[in-house]
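**Student:** Below are the structure tokens for one structure; questions will follow.
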Amino acid sequence: MEDITGAPQCPADTAELRDRVAAFVRDRVMPHEPALDAGGPEAAATLRGLQAQARTEGLWALPLPSELGGQGMPLRAYAHVAEAEGASDHGPAALGSAPLLDVLMLLRHASPGVRDRYAERLVTGETRACYAMTEPQAPGTDPFLTATRAVPGEHGTWRVSGGKWFTSGAADADLVTVLARTDGEPADREGLSLLLVPTDSPGFRVVRELPVFGAGGQWEIALEEVVVGGDHLIGARGKALAVAGERLQLGRTLRCLRWLGQARRAFDLMRERAMTRTRSRGPLGDLQLVQRHVFESLLALRTTRPLVFEAVARLDAGLDAHVEVGLAKVAAARALQQVADTAIQVYGAAGLGPDTALPALFRTGRAARILDGPDELHITAVARRVLYTT
């Protein structure tokens with residue numbers, strides 16, 4: 001049966017795997033979303049159970065390197081799966097693909113000792129990592145104002161001090177990659193470095209959780225003279241933004257794919273509601289205004305998907321994708337917010353309550369327009385490249 005939302009064609013073996021992942025997320029993950037959203041010991045136990053099922057069914061760590069225990073699925077093929085697993089915020093963690101960015105960063109830029117110590121454990125799920133870049137007193141769009149500082153310590157170590165916030169998963173992480181200034185002063189365009197910090201280090205502290213529209217998962221952290229081994233520098237000293245830029249391009253593209261999956265989920269809920277909800281004069285779908293909502297949502301999905309998959313194709317080919325990723329990020333975030341909002345409108349009061357995923361999908365869509373760079377950042381960055389580069 002043709003996919004009405006215009007999902008791109010993929011090879012038969014990839015389509016079969018995508019469908020298995022979609023069924024796993026729908027039948028195994030989604031029913032447990034309330035418990036997973038609540039956090040705490042019950043959420044951790046539930047996630048471990050889902051991860052065990054994913055391993056048993058051969059769905060674990062699909063895009064992670066095969067030499068580390070993953071299945072080595074290339075980006076162009078994994079993109080179709082990423083959209084399916086992203087229909088739930090918890091899909092990537094349940095299926096073992098969540099650490100992809102951290103694993104690739106270590107493989108490409110970490111010292112051999114650090115790579116050997118942590119990379120495989122990230123793939124197996126034994127170790128968890130997070131990424132800390134944004135600071136409370138500095139605009140997240142301007143990393144040159146980073147105030148967190150790392151200074152040389154004894155025996156080649158670094159001593160890291162500062163604060164970060166909106167660090168996803170920090171409370172449960174074993175490692176955090178921290179953007180810190182190793183040279184110069186805030187606003188200097190050079191002198192920023194990345195350091196991998198074990199969270200059990202003396203001086204590392206989780207300050208507080210930062211609920212986003214009432215949902216948890218984001219945290220503020222503090223580092224007070226945290227001692228980090230010299231081999232925990234990720235990439236060259238003072239060259240953090242090159243590593244961060246590489247990570248962010250892929251990370252934003254993966255988020256776009258997952259937002260597409262969530263927008264599709266909202267669209268399917270809206271479509272079902274329009275066809276099954278009846279009034280005294282017939283189903284909601286007979287109303288022209290509801291039909292317009294369906295049309296506009298389908299238009300958003302069909303016009304966004306090609307932008308996202310164009311970014312995937314360029315990254316997979318090793319080409320510069322700044323323009324494509326910027327376009328995709330803005331379009332996918334807008335599409336998710338728009339489709340979720342429209343679905344809520346079709347549902348009426350039921351779309352505001354706890355009986356559907358729509359409030360969570362809308363929350364994700366609204367947050368998406370700020371997290372990973374606000375719309376304005378990507379709009380101006382793309383426009384400058386179009387206007388001033390050839």
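Identifiers for the structure tokens are assigned positionally: chains receive A, B, ... in sequence, residues are indexed from 1 per chain, and ligands are indexed from 1 in the order shown.
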For Gln262 (chain A), work out the shell of residues within 9 Å, counting only C-alpha atoms and skipping chain neighbours fewer than 6 positions away, then give it as a list of chain:residue names.
**Tutor:**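 Contacts, in chain order: A:Glu83, A:Ala84, A:Gly86, A:Ala87, A:Ser88, A:Asp89, A:Leu336, A:Ala340, A:Leu361, A:Thr364, A:Gly365.
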**Student:** Pull the closest atom pair for each residue of region 191-269 of chain A that gets at most 12 Å from region 316-322 of chain A, along with the distance in Å to one decimal, counting only C-alpha atoms, ordering rows by chain and then ascending residue number, as JSON lines.
**Tutor:**
```
{"residue": "A:Gly245", "atom": "CA", "partner": "A:His322", "partner_atom": "CA", "distance": 9.5}
{"residue": "A:Glu246", "atom": "CA", "partner": "A:Asp320", "partner_atom": "CA", "distance": 10.1}
{"residue": "A:Leu248", "atom": "CA", "partner": "A:His322", "partner_atom": "CA", "distance": 10.2}
{"residue": "A:Gln249", "atom": "CA", "partner": "A:His322", "partner_atom": "CA", "distance": 7.3}
{"residue": "A:Leu250", "atom": "CA", "partner": "A:Ala321", "partner_atom": "CA", "distance": 9.5}
{"residue": "A:Arg252", "atom": "CA", "partner": "A:His322", "partner_atom": "CA", "distance": 10.6}
{"residue": "A:Thr253", "atom": "CA", "partner": "A:Ala321", "partner_atom": "CA", "distance": 10.0}
```
**Student:** Determine which residues of region 162-313 of chain A receive a DSSP assignment of strand (DSSP E), computed from the backbone, and state them as an NGL selection string.
**Tutor:** :A and (162-168 or 175-181 or 192-198 or 204-209 or 218-228 or 233-234 or 278-279 or 282-283)
**Student:** So that I can check the surroundings of Asp188 (chain A), please list as a PyMOL selection string every protein, DNA and RNA residue that reaches within 10 Å of it, counting only C-alpha atoms and ignoring chain neighbours fewer than 5 positions away.
**Tutor:** chain A and resi 143-146+181+183
**Student:** Export, as a JSON list (two decimals), in the first residue's frame, the selected residues with all heavy atoms.
**Tutor:**
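Ended up saving to part_4.json:
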```json
[["chain", "number", "residue", "atom", "x", "y", "z"],
["A", 143, "PRO", "N", 28.99, 30.29, 20.78],
["A", 143, "PRO", "CA", 29.93, 29.51, 21.60],
["A", 143, "PRO", "C", 31.19, 30.26, 21.96],
["A", 143, "PRO", "O", 31.90, 29.89, 22.90],
["A", 143, "PRO", "CB", 30.23, 28.30, 20.72],
["A", 143, "PRO", "CG", 29.96, 28.76, 19.33],
["A", 143, "PRO", "CD", 28.81, 29.72, 19.45],
["A", 144, "PHE", "N", 31.50, 31.36, 21.23],
["A", 144, "PHE", "CA", 32.72, 32.11, 21.52],
["A", 144, "PHE", "C", 32.66, 32.77, 22.90],
["A", 144, "PHE", "O", 33.68, 33.14, 23.46],
["A", 144, "PHE", "CB", 32.97, 33.17, 20.45],
["A", 144, "PHE", "CG", 33.06, 32.59, 19.06],
["A", 144, "PHE", "CD1", 32.12, 32.91, 18.10],
["A", 144, "PHE", "CD2", 34.07, 31.71, 18.72],
["A", 144, "PHE", "CE1", 32.19, 32.37, 16.83],
["A", 144, "PHE", "CE2", 34.15, 31.16, 17.46],
["A", 144, "PHE", "CZ", 33.21, 31.49, 16.50],
["A", 145, "LEU", "N", 31.45, 32.89, 23.46],
["A", 145, "LEU", "CA", 31.31, 33.47, 24.80],
["A", 145, "LEU", "C", 31.39, 32.43, 25.90],
["A", 145, "LEU", "O", 31.14, 32.73, 27.07],
["A", 145, "LEU", "CB", 29.97, 34.22, 24.90],
["A", 145, "LEU", "CG", 29.86, 35.48, 24.02],
["A", 145, "LEU", "CD1", 28.46, 36.10, 24.13],
["A", 145, "LEU", "CD2", 30.93, 36.51, 24.41],
["A", 146, "THR", "N", 31.73, 31.20, 25.56],
["A", 146, "THR", "CA", 31.88, 30.13, 26.55],
["A", 146, "THR", "C", 32.82, 30.57, 27.67],
["A", 146, "THR", "O", 33.93, 31.02, 27.43],
["A", 146, "THR", "CB", 32.44, 28.86, 25.89],
["A", 146, "THR", "OG1", 31.47, 28.38, 24.95],
["A", 146, "THR", "CG2", 32.73, 27.78, 26.92],
["A", 181, "ARG", "N", 36.98, 26.64, 27.51],
["A", 181, "ARG", "CA", 38.03, 27.51, 26.98],
["A", 181, "ARG", "C", 39.37, 27.10, 27.59],
["A", 181, "ARG", "O", 39.54, 27.13, 28.81],
["A", 181, "ARG", "CB", 37.72, 28.97, 27.28],
["A", 181, "ARG", "CG", 38.74, 29.94, 26.70],
["A", 181, "ARG", "CD", 38.22, 31.36, 26.67],
["A", 181, "ARG", "NE", 37.15, 31.54, 25.70],
["A", 181, "ARG", "CZ", 37.33, 31.63, 24.38],
["A", 181, "ARG", "NH1", 38.55, 31.52, 23.87],
["A", 181, "ARG", "NH2", 36.31, 31.81, 23.58],
["A", 183, "ASP", "N", 42.29, 28.42, 26.09],
["A", 183, "ASP", "CA", 43.18, 29.54, 25.77],
["A", 183, "ASP", "C", 42.33, 30.77, 25.48],
["A", 183, "ASP", "O", 41.17, 30.68, 25.05],
["A", 183, "ASP", "CB", 44.04, 29.23, 24.53],
["A", 183, "ASP", "CG", 44.94, 28.02, 24.74],
["A", 183, "ASP", "OD1", 45.98, 28.17, 25.41],
["A", 183, "ASP", "OD2", 44.59, 26.93, 24.25]]
```
**Student:** Would you list the contacts of Ala38 (chain A) as a list in words, taking every protein, DNA or RNA residue within 8 Å and counting only C-alpha atoms, but skipping same-chain residues closer than 4 positions in sequence?
**Tutor:**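 In the requested form, the answer reads Pro34, Ala43 and Gly216 of chain A.
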**Student:** Selection from above, C-alpha atoms, as a PDB file, in the first residue's frame, can you write it?
**Tutor:**
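Resulting contents of selection-v9.pdb:
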```
ATOM      1  CA  PRO A  34       4.134   7.355  30.527  1.00  0.00           C
ATOM      2  CA  ALA A  43      11.749   4.166  33.930  1.00  0.00           C
ATOM      3  CA  GLY A 216      12.057  16.243  32.306  1.00  0.00           C
TER       4      GLY A 216
END
```
**Student:** State, in Å with one decimal place, the distance from CA of Tyr131 (chain A) to CA of Gly169 (chain A).
**Tutor:**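 The value is 8.8 Å.
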**Student:** Report, in Å to a single decimal, how far apart CA of Gly91 (chain A) and CA of Leu36 (chain A) are.
**Tutor:** 10.8 Å
**Student:** Give me the residues near region 139-142 of chain A as a list in words, where near means some atom within 10 Å (using only C-alpha atoms) and where sequence neighbours in that chain fewer than 3 positions away do not count.
**Tutor:**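 Counting only the stated atoms, we get Met133, Thr134, Glu135, Pro136, Leu145, Thr146, Trp165, Phe166, Ala187, Ile370, Leu371, Asp372, Gly373, Pro374, Glu376, Leu377 and His378 of chain A.
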**Student:** What's the 9 Å shell around Pro283 (chain A), counting only C-alpha atoms, without same-chain residues fewer than 5 positions away, as number ranges by chain?
**Tutor:** A: 273-278
**Student:** How far is it from CA of Ala7 (chain A) to CA of Leu301 (chain A), in Å with one decimal?
**Tutor:**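 Between CA of Ala7 (chain A) and CA of Leu301 (chain A) the gap works out to 9.0 Å.
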